[in-house]
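Asks: What follows is the file data-v9.txt, containing compact mmCIF, C-alpha atoms:
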# COMPACT_ATOMS: atom_id res chain seq x y z
CA MET A 1313 151.10 158.92 94.54
CA CYS A 1314 149.40 155.93 96.08
CA ARG A 1315 150.64 152.36 95.89
CA VAL A 1316 148.90 149.32 97.32
CA ILE A 1317 150.66 146.05 98.08
CA VAL A 1318 148.75 142.92 99.12
CA GLU A 1319 150.26 139.50 99.80
CA ASN A 1320 149.04 136.10 100.94
CA ILE A 1321 150.22 134.44 104.15
CA ASP A 1322 150.13 131.05 102.42
CA GLU A 1323 153.14 132.20 100.41
CA LEU A 1324 155.13 133.06 103.51
CA THR A 1325 157.74 130.34 103.97
CA ASP A 1326 159.05 129.40 107.41
CA ALA A 1327 162.42 130.90 106.46
CA ALA A 1328 160.81 134.15 105.33
CA PHE A 1329 158.74 134.23 108.54
CA ALA A 1330 161.88 133.82 110.65
CA ALA A 1331 163.72 136.51 108.69
CA GLY A 1332 160.78 138.90 108.93
CA TYR A 1333 160.38 138.22 112.65
CA ALA A 1334 164.06 138.98 113.24
CA GLU A 1335 163.72 142.35 111.48
CA MET A 1336 160.82 143.53 113.60
CA SER A 1337 161.19 145.96 116.48
CA PRO A 1338 161.16 144.46 120.01
CA ALA A 1339 157.73 145.96 120.60
CA ARG A 1340 156.36 144.41 117.42
CA ARG A 1341 157.93 141.04 118.26
CA LYS A 1342 156.24 141.20 121.65
CA LYS A 1343 152.91 141.87 119.94
CA CYS A 1344 153.51 138.95 117.59
CA ASP A 1345 154.39 136.66 120.48
CA ALA A 1346 151.14 137.59 122.22
CA TYR A 1347 149.10 136.19 119.34
CA ARG A 1348 147.97 132.71 120.11
CA PHE A 1349 147.25 131.44 116.62
CA ALA A 1350 149.90 130.83 113.96
CA ASP A 1351 147.92 132.62 111.25
CA ASP A 1352 147.74 135.79 113.38
CA LYS A 1353 151.52 135.66 113.83
CA LYS A 1354 152.00 135.19 110.10
CA ARG A 1355 149.73 138.14 109.29
CA CYS A 1356 151.64 140.25 111.82
CA VAL A 1357 155.04 139.37 110.36
CA LEU A 1358 153.97 139.59 106.72
CA ALA A 1359 152.39 143.01 107.20
CA ASP A 1360 155.51 144.29 108.94
CA MET A 1361 157.78 142.83 106.25
CA LEU A 1362 155.99 144.31 103.31
CA VAL A 1363 155.78 147.71 104.99
CA ARG A 1364 159.50 147.71 105.75
CA ARG A 1365 160.39 146.54 102.27
CA GLU A 1366 158.37 149.26 100.57
CA LEU A 1367 159.48 152.00 102.98
CA ALA A 1368 163.06 150.88 102.37
CA ARG A 1369 162.51 151.16 98.63
CA LEU A 1370 160.97 154.64 99.02
CA THR A 1371 163.63 156.01 101.38
CA GLY A 1372 166.75 154.22 100.19
CA CYS A 1373 167.35 152.69 103.64
CA ARG A 1374 167.66 148.99 104.43
CA PRO A 1375 164.47 147.30 105.69
CA GLU A 1376 165.93 146.63 109.12
CA GLU A 1377 166.82 150.33 109.47
CA ILE A 1378 163.23 151.47 109.11
CA GLN A 1379 161.83 152.71 112.42
CA ILE A 1380 158.09 152.32 112.50
CA ARG A 1381 156.55 154.39 115.25
CA LEU A 1382 153.07 154.32 116.74
CA SER A 1383 151.01 157.38 117.57
CA ASP A 1384 148.98 157.63 120.80
CA THR A 1385 146.02 156.14 118.96
CA GLY A 1386 148.08 153.25 117.60
CA LYS A 1387 148.50 154.64 114.09
CA PRO A 1388 151.85 153.59 112.56
CA TYR A 1389 154.08 156.20 110.93
CA VAL A 1390 157.69 156.97 110.02
CA ASP A 1391 159.58 160.20 110.61
CA ASP A 1392 160.02 160.88 106.91
CA ALA A 1393 157.64 163.78 106.32
CA GLY A 1394 156.71 162.81 102.81
CA ILE A 1395 155.59 159.22 103.34
CA PHE A 1396 152.32 157.97 104.79
CA PHE A 1397 151.00 154.45 105.00
CA SER A 1398 148.18 152.33 106.39
CA VAL A 1399 148.22 148.60 107.09
CA SER A 1400 145.55 145.93 107.26
CA HIS A 1401 145.16 142.18 107.25
CA ALA A 1402 142.28 139.72 107.14
CA GLY A 1403 141.94 136.06 106.30
CA ARG A 1404 144.85 134.95 104.13
CA LEU A 1405 145.79 138.50 103.09
CA ALA A 1406 148.03 141.20 104.53
CA GLY A 1407 148.65 144.52 102.83
CA ALA A 1408 149.34 148.22 102.99
CA ALA A 1409 148.80 151.43 101.04
CA PHE A 1410 151.63 153.96 100.68
CA ALA A 1411 151.07 157.57 99.66
CA ASP A 1412 152.50 161.07 99.76
CA ARG A 1413 149.54 162.22 101.86
CA GLU A 1414 147.43 160.73 104.68
CA VAL A 1415 145.95 157.39 103.65
CA GLY A 1416 143.60 154.81 105.12
CA PHE A 1417 143.51 151.17 104.03
CA ASP A 1418 141.39 148.20 105.03
CA ILE A 1419 141.03 144.58 103.93
CA GLU A 1420 138.08 142.46 105.00
CA GLN A 1421 137.15 138.90 104.28
CA ILE A 1422 133.59 138.59 103.05
CA ARG A 1423 131.54 136.48 105.44
CA PRO A 1424 127.86 136.37 106.41
CA SER A 1425 127.41 139.03 109.08
CA PRO A 1426 124.60 140.17 111.36
CA ALA A 1427 122.67 142.96 109.65
CA ASN A 1428 122.36 144.87 112.91
CA LEU A 1429 126.15 145.39 112.97
CA THR A 1430 125.30 148.37 110.81
CA LYS A 1431 124.12 150.25 113.87
CA PHE A 1432 127.77 150.63 114.86
CA PHE A 1433 129.04 152.29 111.72
CA CYS A 1434 126.28 153.23 109.28
CA THR A 1435 124.33 156.38 108.56
CA ASP A 1436 120.77 156.03 107.27
CA ALA A 1437 122.06 156.65 103.75
CA ASP A 1438 124.61 153.85 104.20
CA LYS A 1439 121.89 151.42 105.27
CA THR A 1440 119.83 152.35 102.23
CA TYR A 1441 122.86 151.76 100.00
CA ILE A 1442 123.48 148.34 101.52
CA PHE A 1443 119.94 147.02 101.96
CA GLY A 1444 117.76 149.29 99.82
CA ALA A 1445 115.61 149.62 102.94
CA LEU A 1446 115.91 149.05 106.70
CA PRO A 1447 118.37 146.36 107.82
CA PRO A 1448 116.64 142.99 107.93
CA GLU A 1449 116.69 140.63 110.89
CA GLY A 1450 119.42 138.05 111.11
CA ASP A 1451 122.52 137.65 108.95
CA VAL A 1452 123.32 139.21 105.62
CA THR A 1453 124.00 136.36 103.24
CA ASP A 1454 123.01 137.60 99.77
CA PRO A 1455 126.32 138.06 97.86
CA GLU A 1456 125.50 141.48 96.41
CA THR A 1457 124.24 142.84 99.73
CA LEU A 1458 127.30 141.41 101.48
CA ARG A 1459 129.59 143.08 98.98
CA ARG A 1460 127.94 146.45 99.67
CA PHE A 1461 128.05 145.80 103.43
CA PHE A 1462 131.78 145.23 103.25
CA GLU A 1463 132.33 148.19 100.95
CA VAL A 1464 130.82 150.43 103.61
CA TRP A 1465 132.66 148.70 106.46
CA THR A 1466 136.07 148.91 104.77
CA TYR A 1467 135.38 152.53 103.81
CA LYS A 1468 134.62 153.44 107.42
CA GLU A 1469 137.68 151.55 108.68
CA ALA A 1470 139.88 153.23 106.08
CA PHE A 1471 138.40 156.58 107.07
CA ALA A 1472 139.07 155.87 110.75
CA LYS A 1473 142.67 154.91 109.99
CA LEU A 1474 143.24 157.88 107.72
CA SER A 1475 142.00 160.30 110.35
CA GLY A 1476 144.01 158.53 113.07
CA GLU A 1477 141.00 158.77 115.36
CA GLY A 1478 140.30 155.07 115.31
CA PHE A 1479 136.86 153.60 115.33
CA THR A 1480 134.58 156.27 116.79
CA LYS A 1481 130.98 157.36 116.83
CA ARG A 1482 131.86 159.84 114.10
CA LEU A 1483 131.75 156.97 111.62
CA LYS A 1484 127.98 156.96 112.01
CA THR A 1485 127.87 160.57 110.87
CA VAL A 1486 130.09 160.29 107.81
CA ASP A 1487 128.26 159.02 104.72
CA PHE A 1488 129.83 156.30 102.64
CA ASP A 1489 130.89 157.87 99.34
CA LYS A 1490 132.01 155.25 96.88
CA GLU A 1491 133.39 157.79 94.45
CA THR A 1492 136.01 158.97 96.93
CA ALA A 1493 137.63 155.58 97.50
CA VAL A 1494 139.35 152.92 95.46
CA PHE A 1495 137.99 149.40 95.89
CA SER A 1496 139.35 146.07 94.79
CA TYR A 1497 137.72 142.68 95.13
CA PRO A 1498 140.12 139.71 95.27
CA GLU A 1499 138.05 136.53 95.48
CA GLY A 1500 136.33 136.51 98.90
CA TYR A 1501 137.58 139.94 100.01
CA VAL A 1502 136.89 143.66 99.73
CA ILE A 1503 139.79 146.13 99.90
CA CYS A 1504 139.36 149.88 100.31
CA THR A 1505 141.96 152.62 99.89
CA LEU A 1506 141.19 156.21 100.82
CA THR A 1507 143.55 159.19 100.57
CA GLN A 1508 143.12 162.62 102.04
CA ALA A 1509 142.86 164.23 98.65
CA ASP A 1510 139.75 162.21 97.91
CA LEU A 1511 137.69 163.43 100.85
CA MET B 866 128.81 134.79 133.68
CA LEU B 867 132.31 133.69 132.74
CA GLU B 868 130.87 130.32 131.77
CA LYS B 869 128.38 131.86 129.38
CA MET B 870 131.03 134.20 128.00
CA ARG B 871 133.30 131.22 127.40
CA GLU B 872 130.49 129.51 125.54
CA ILE B 873 129.86 132.52 123.30
CA ILE B 874 133.51 133.09 122.53
CA GLY B 875 134.06 129.36 122.05
CA GLU B 876 131.43 129.37 119.28
CA PHE B 877 132.94 132.44 117.78
CA VAL B 878 136.62 131.52 117.75
CA ASP B 879 138.14 128.09 117.33
CA ILE B 880 139.31 127.74 120.92
CA ASP B 881 138.60 125.37 123.81
CA PRO B 882 136.28 127.34 126.12
CA ALA B 883 138.21 126.04 129.13
CA GLU B 884 141.23 128.04 127.96
CA ILE B 885 139.41 131.36 128.18
CA THR B 886 140.10 133.27 131.38
CA PRO B 887 139.04 136.75 132.52
CA GLU B 888 142.50 137.94 131.48
CA THR B 889 142.21 136.59 127.96
CA ASN B 890 142.78 139.49 125.59
CA ILE B 891 140.15 139.53 122.89
CA ARG B 892 142.34 141.22 120.28
CA THR B 893 145.69 139.57 120.81
CA ASP B 894 144.93 136.17 122.36
CA LEU B 895 141.90 135.62 120.17
CA GLY B 896 143.23 137.56 117.17
CA LEU B 897 140.01 139.45 116.54
CA ASN B 898 140.06 142.51 114.29
CA SER B 899 137.64 145.44 114.56
CA LEU B 900 134.86 143.83 112.58
CA GLU B 901 135.07 140.58 114.52
CA LEU B 902 135.10 142.52 117.78
CA VAL B 903 131.92 144.33 116.81
CA ASN B 904 130.42 141.00 115.78
CA LEU B 905 131.26 139.62 119.21
CA ALA B 906 129.75 142.71 120.86
CA VAL B 907 126.47 142.10 119.06
CA GLU B 908 126.54 138.43 120.06
CA ILE B 909 127.10 139.44 123.68
CA GLU B 910 124.31 142.01 123.53
CA GLU B 911 121.86 139.43 122.27
CA SER B 912 122.89 136.69 124.65
CA PHE B 913 122.86 138.86 127.76
CA ASP B 914 120.05 141.15 126.66
CA VAL B 915 122.07 144.36 127.14
CA GLU B 916 122.86 147.30 124.93
CA ILE B 917 126.54 148.19 124.78
CA PRO B 918 127.43 151.76 123.70
CA ASP B 919 129.44 151.68 120.47
CA ARG B 920 132.56 153.27 121.82
CA GLU B 921 132.76 150.88 124.74
CA ALA B 922 132.31 147.92 122.42
CA MET B 923 135.37 148.99 120.49
CA ASP B 924 137.41 149.54 123.64
CA LEU B 925 136.93 145.99 124.91
CA ALA B 926 140.31 144.46 125.62
CA THR B 927 139.89 141.48 127.93
CA VAL B 928 137.12 139.05 128.73
CA GLN B 929 136.87 140.71 132.15
CA ASP B 930 136.22 144.04 130.40
CA ALA B 931 133.32 142.41 128.58
CA ILE B 932 131.93 141.00 131.81
CA ASP B 933 132.25 144.39 133.53
CA ILE B 934 130.41 146.11 130.69
CA ILE B 935 127.57 143.60 130.78
CA GLU B 936 127.20 144.08 134.51
CA LYS B 937 127.29 147.84 134.11
CA TYR B 938 124.56 148.00 131.50
CA ARG B 939 122.44 145.07 132.60
CA ASP B 940 121.49 146.81 135.79
CA MET B 941 120.43 149.97 134.00
I need this file expressed as structure tokens, please.
Replies:
Amino acid sequence: MCRVIVENIDELTDAAFAAGYAEMSPARRKKCDAYRFADDKKRCVLADMLVRRELARLTGCRPEEIQIRLSDTGKPYVDDAGIFFSVSHAGRLAGAAFADREVGFDIEQIRPSPANLTKFFCTDADKTYIFGALPPEGDVTDPETLRRFFEVWTYKEAFAKLSGEGFTKRLKTVDFDKETAVFSYPEGYVICTLTQADL
Amino acid sequence: MLEKMREIIGEFVDIDPAEITPETNIRTDLGLNSLELVNLAVEIEESFDVEIPDREAMDLATVQDAIDIIEKYRDM
């Protein structure tokens, strides 16, 4: 089982924001308060709300009863042994994937990016997939190349979140494997979902 | 160095450079996610002519951390 929910912060009303904020844990509220920009606060609240809502639906509890914990590496989880989830937000979108096994989920907004960013997260095979050759100088701007760049980035982020290790050097040793992930492409974004069974 | 850092971050994020202090947290105050953080790391590398190890780039929390890293690797 794997379910993905993605919502847009532009649809978050002030009333819904206030209600969602009130439902968050004190620690999460503190994190939200630390964000300087309104959009970051909205993404924080929206992500928390949709996770609570879905976990409530899956467990039969009320949203405010859901206790979201954080591991040492910052990975969120709940005590229910059968439910796993992964959260991400970027641009106007916030979302999460829910599954009955470990899952990693990442949303990125497609924007021109420096080609040499690939040194942080790409194997040689990944670079060939993205560029067809060595990374060029300067920014990636070609739409097709950008799409592939973000496919690899979101895959590596999803992998990092699934493993709970966070962003590590290991990402440069794991090849991007498109067949093992599920991608979606809302206008201007790439979304990747990866479950343990797929790897 | 703080001045130059302010300039770089100011171009990167829509913020008045004067509001950036050494204690400014790059993730929470500036709202940067992992990709944006790595982007910033590359920008810093190019502007200061240093090479930041990947893991340390991802561990950057505050502006002071960034300054410390530049100083650490610039002298090498």
Asks: Please determine, counting only C-alpha atoms, which residue among A:Ala1402, A:Ala1472, A:Leu1370, A:Leu1358 has the shortest atom-to-atom distance to chain B.
Replies: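 Selected residue with least distance to chain B: A:Ala1402.
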Asks: Which value, in Å to one decimal, gives the distance between atom CA of Tyr1441 of chain A and atom CA of Asp1454 of chain A?
Replies: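 Interatomic distance here is 14.2 Å.
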Asks: Quick check: residues of chain A within 6 Å of chain B, only C-alpha atoms, returned as JSON, numbers by chain.
Replies: {"A": [1346, 1347, 1348, 1432]}
Asks: Tell me, in Å to one decimal, how far atom CA of Ile1317 of chain A is from atom CA of Phe1417 of chain A.
Replies: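 Rounded to one decimal, the two atoms are 10.6 Å apart.
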Asks: For atom CA of Thr1507 of chain A and atom CA of Ala1408 of chain A, determine how far apart the two atoms are, in Å to one decimal place.
Replies: 12.6 Å
Asks: Around the point (160.9, 145.8, 116.8) in the file's coordinates, collect all residues with an atom within 12 Å, using only C-alpha atoms, and return them as an MDAnalysis selection string.
Replies: chainID A and resid 1332:1345 1356:1357 1360:1361 1364 1375:1382
Asks: Could you check which of A:Asn1320, A:Gln1508, A:Thr1430, A:Thr1371 is closest to Ala1493 of chain A, using only C-alpha atoms?
Replies: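 The shortest atom-to-atom distance to Ala1493 of chain A comes from A:Gln1508.
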Asks: Point out the residue among A:Tyr1467, A:Gly1500, A:Asp1438, A:Gly1403 with the least atom-to-atom distance to Pro1455 of chain A, counting all atoms listed in the file.
Replies: A:Gly1500
Asks: Produce the centre coordinates and the three edge lengths, each in Å to one decimal, of the box along x, y and z that contains all listed atoms of segment 898-906 of chain B with 8 Å added on each side, as AutoDock Vina command-line options.
Replies:
--center_x 134.9 --center_y 142.5 --center_z 116.7 --size_x 26.3 --size_y 21.8 --size_z 24.3
Asks: Return the single residue from B:Phe877, B:Ile891, B:Ile932, B:Thr886 that is closest to Phe913 of chain B, with distances computed using all atoms listed in the file.
Replies: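 The shortest atom-to-atom distance to Phe913 of chain B comes from B:Ile932.
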Asks: Quick one: everything within 9 Å of Glu1414 of chain A, counting all atoms listed in the file, minus sequence neighbours fewer than 3 positions away in the same chain. Send it as a PDB file with C-alpha atoms, keeping the file's coordinate frame.
Replies:
ATOM      1  CA  ILE A1395     155.590 159.220 103.340  1.00  0.00           C
ATOM      2  CA  PHE A1396     152.320 157.970 104.790  1.00  0.00           C
ATOM      3  CA  PHE A1397     151.000 154.450 105.000  1.00  0.00           C
ATOM      4  CA  SER A1398     148.180 152.330 106.390  1.00  0.00           C
ATOM      5  CA  PHE A1410     151.630 153.960 100.680  1.00  0.00           C
ATOM      6  CA  ALA A1411     151.070 157.570  99.660  1.00  0.00           C
ATOM      7  CA  LEU A1474     143.240 157.880 107.720  1.00  0.00           C
ATOM      8  CA  SER A1475     142.000 160.300 110.350  1.00  0.00           C
ATOM      9  CA  LEU A1506     141.190 156.210 100.820  1.00  0.00           C
ATOM     10  CA  THR A1507     143.550 159.190 100.570  1.00  0.00           C
ATOM     11  CA  GLN A1508     143.120 162.620 102.040  1.00  0.00           C
ATOM     12  CA  ALA A1509     142.860 164.230  98.650  1.00  0.00           C
TER      13      ALA A1509
END
Asks: Could you tell me which of A:Lys1387, A:Gln1421, A:Val1318, A:Ser1400 comes closest to Glu1477 of chain A if we count all atoms listed in the file?
Replies: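 Residue with the minimum atom-to-atom distance to Glu1477 of chain A: A:Lys1387.
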Asks: Pick out the closest residue to Val1494 of chain A from this set: A:Glu1463, A:Asp1451, A:Asp1352, A:Glu1323. Count all atoms listed in the file.
Replies: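 Answer, going by the shortest atom-to-atom distance: A:Glu1463.
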Asks: Add whatever atoms are absent from segment 1389-1400 of chain A to reach all heavy atoms, and provide the output as a PDB file, in the coordinates of the input.
Replies:
ATOM      1  N   TYR A1389     153.551 155.168 111.812  1.00  0.00           N
ATOM      2  CA  TYR A1389     154.080 156.200 110.930  1.00  0.00           C
ATOM      3  C   TYR A1389     155.604 156.124 110.960  1.00  0.00           C
ATOM      4  O   TYR A1389     156.199 155.427 111.791  1.00  0.00           O
ATOM      5  CB  TYR A1389     153.614 157.592 111.380  1.00  0.00           C
ATOM      6  CG  TYR A1389     154.182 158.074 112.701  1.00  0.00           C
ATOM      7  CD1 TYR A1389     155.301 158.921 112.735  1.00  0.00           C
ATOM      8  CD2 TYR A1389     153.605 157.687 113.911  1.00  0.00           C
ATOM      9  CE1 TYR A1389     155.828 159.347 113.945  1.00  0.00           C
ATOM     10  CE2 TYR A1389     154.135 158.118 115.118  1.00  0.00           C
ATOM     11  CZ  TYR A1389     155.233 158.951 115.146  1.00  0.00           C
ATOM     12  OH  TYR A1389     155.756 159.382 116.344  1.00  0.00           O
ATOM     13  N   VAL A1390     156.233 156.810 110.009  1.00  0.00           N
ATOM     14  CA  VAL A1390     157.690 156.970 110.020  1.00  0.00           C
ATOM     15  C   VAL A1390     158.006 158.456 110.050  1.00  0.00           C
ATOM     16  O   VAL A1390     157.164 159.284 109.690  1.00  0.00           O
ATOM     17  CB  VAL A1390     158.370 156.314 108.791  1.00  0.00           C
ATOM     18  CG1 VAL A1390     158.353 154.807 108.925  1.00  0.00           C
ATOM     19  CG2 VAL A1390     157.727 156.754 107.499  1.00  0.00           C
ATOM     20  N   ASP A1391     159.225 158.786 110.447  1.00  0.00           N
ATOM     21  CA  ASP A1391     159.580 160.200 110.610  1.00  0.00           C
ATOM     22  C   ASP A1391     159.705 160.952 109.292  1.00  0.00           C
ATOM     23  O   ASP A1391     159.640 162.159 109.271  1.00  0.00           O
ATOM     24  CB  ASP A1391     160.891 160.323 111.411  1.00  0.00           C
ATOM     25  CG  ASP A1391     160.665 159.979 112.879  1.00  0.00           C
ATOM     26  OD1 ASP A1391     159.539 160.174 113.349  1.00  0.00           O
ATOM     27  OD2 ASP A1391     161.612 159.509 113.528  1.00  0.00           O
ATOM     28  N   ASP A1392     159.905 160.231 108.210  1.00  0.00           N
ATOM     29  CA  ASP A1392     160.020 160.880 106.910  1.00  0.00           C
ATOM     30  C   ASP A1392     158.727 161.628 106.596  1.00  0.00           C
ATOM     31  O   ASP A1392     157.657 161.029 106.460  1.00  0.00           O
ATOM     32  CB  ASP A1392     160.271 159.809 105.839  1.00  0.00           C
ATOM     33  CG  ASP A1392     160.648 160.421 104.502  1.00  0.00           C
ATOM     34  OD1 ASP A1392     159.956 161.366 104.062  1.00  0.00           O
ATOM     35  OD2 ASP A1392     161.626 159.958 103.897  1.00  0.00           O
ATOM     36  N   ALA A1393     158.839 162.955 106.443  1.00  0.00           N
ATOM     37  CA  ALA A1393     157.640 163.780 106.320  1.00  0.00           C
ATOM     38  C   ALA A1393     156.827 163.524 105.062  1.00  0.00           C
ATOM     39  O   ALA A1393     155.655 163.866 104.995  1.00  0.00           O
ATOM     40  CB  ALA A1393     158.030 165.254 106.389  1.00  0.00           C
ATOM     41  N   GLY A1394     157.434 162.934 104.083  1.00  0.00           N
ATOM     42  CA  GLY A1394     156.710 162.810 102.810  1.00  0.00           C
ATOM     43  C   GLY A1394     156.013 161.477 102.592  1.00  0.00           C
ATOM     44  O   GLY A1394     155.387 161.258 101.560  1.00  0.00           O
ATOM     45  N   ILE A1395     156.104 160.566 103.572  1.00  0.00           N
ATOM     46  CA  ILE A1395     155.590 159.220 103.340  1.00  0.00           C
ATOM     47  C   ILE A1395     154.550 158.827 104.389  1.00  0.00           C
ATOM     48  O   ILE A1395     154.803 158.915 105.574  1.00  0.00           O
ATOM     49  CB  ILE A1395     156.737 158.188 103.380  1.00  0.00           C
ATOM     50  CG1 ILE A1395     157.762 158.520 102.298  1.00  0.00           C
ATOM     51  CG2 ILE A1395     156.198 156.773 103.179  1.00  0.00           C
ATOM     52  CD1 ILE A1395     158.956 157.607 102.303  1.00  0.00           C
ATOM     53  N   PHE A1396     153.408 158.410 103.909  1.00  0.00           N
ATOM     54  CA  PHE A1396     152.320 157.970 104.790  1.00  0.00           C
ATOM     55  C   PHE A1396     151.913 156.565 104.382  1.00  0.00           C
ATOM     56  O   PHE A1396     152.019 156.190 103.220  1.00  0.00           O
ATOM     57  CB  PHE A1396     151.112 158.906 104.640  1.00  0.00           C
ATOM     58  CG  PHE A1396     151.426 160.336 104.973  1.00  0.00           C
ATOM     59  CD1 PHE A1396     151.954 161.195 104.012  1.00  0.00           C
ATOM     60  CD2 PHE A1396     151.214 160.832 106.247  1.00  0.00           C
ATOM     61  CE1 PHE A1396     152.259 162.511 104.317  1.00  0.00           C
ATOM     62  CE2 PHE A1396     151.507 162.148 106.565  1.00  0.00           C
ATOM     63  CZ  PHE A1396     152.035 162.982 105.598  1.00  0.00           C
ATOM     64  N   PHE A1397     151.430 155.797 105.348  1.00  0.00           N
ATOM     65  CA  PHE A1397     151.000 154.450 105.000  1.00  0.00           C
ATOM     66  C   PHE A1397     149.948 153.957 105.981  1.00  0.00           C
ATOM     67  O   PHE A1397     149.774 154.506 107.068  1.00  0.00           O
ATOM     68  CB  PHE A1397     152.195 153.485 104.957  1.00  0.00           C
ATOM     69  CG  PHE A1397     152.915 153.336 106.268  1.00  0.00           C
ATOM     70  CD1 PHE A1397     152.639 152.259 107.097  1.00  0.00           C
ATOM     71  CD2 PHE A1397     153.866 154.260 106.672  1.00  0.00           C
ATOM     72  CE1 PHE A1397     153.310 152.114 108.315  1.00  0.00           C
ATOM     73  CE2 PHE A1397     154.528 154.125 107.872  1.00  0.00           C
ATOM     74  CZ  PHE A1397     154.250 153.055 108.700  1.00  0.00           C
ATOM     75  N   SER A1398     149.241 152.925 105.558  1.00  0.00           N
ATOM     76  CA  SER A1398     148.180 152.330 106.390  1.00  0.00           C
ATOM     77  C   SER A1398     148.184 150.836 106.130  1.00  0.00           C
ATOM     78  O   SER A1398     148.355 150.420 104.982  1.00  0.00           O
ATOM     79  CB  SER A1398     146.841 152.964 106.025  1.00  0.00           C
ATOM     80  OG  SER A1398     145.786 152.380 106.756  1.00  0.00           O
ATOM     81  N   VAL A1399     148.023 150.048 107.181  1.00  0.00           N
ATOM     82  CA  VAL A1399     148.220 148.600 107.090  1.00  0.00           C
ATOM     83  C   VAL A1399     146.941 147.863 107.474  1.00  0.00           C
ATOM     84  O   VAL A1399     146.191 148.324 108.338  1.00  0.00           O
ATOM     85  CB  VAL A1399     149.345 148.171 108.054  1.00  0.00           C
ATOM     86  CG1 VAL A1399     149.748 146.735 107.807  1.00  0.00           C
ATOM     87  CG2 VAL A1399     150.547 149.089 107.919  1.00  0.00           C
ATOM     88  N   SER A1400     146.712 146.730 106.857  1.00  0.00           N
ATOM     89  CA  SER A1400     145.550 145.930 107.260  1.00  0.00           C
ATOM     90  C   SER A1400     145.788 144.477 106.921  1.00  0.00           C
ATOM     91  O   SER A1400     146.597 144.164 106.043  1.00  0.00           O
ATOM     92  CB  SER A1400     144.308 146.447 106.523  1.00  0.00           C
ATOM     93  OG  SER A1400     143.159 145.718 106.897  1.00  0.00           O
TER      94      SER A1400
END
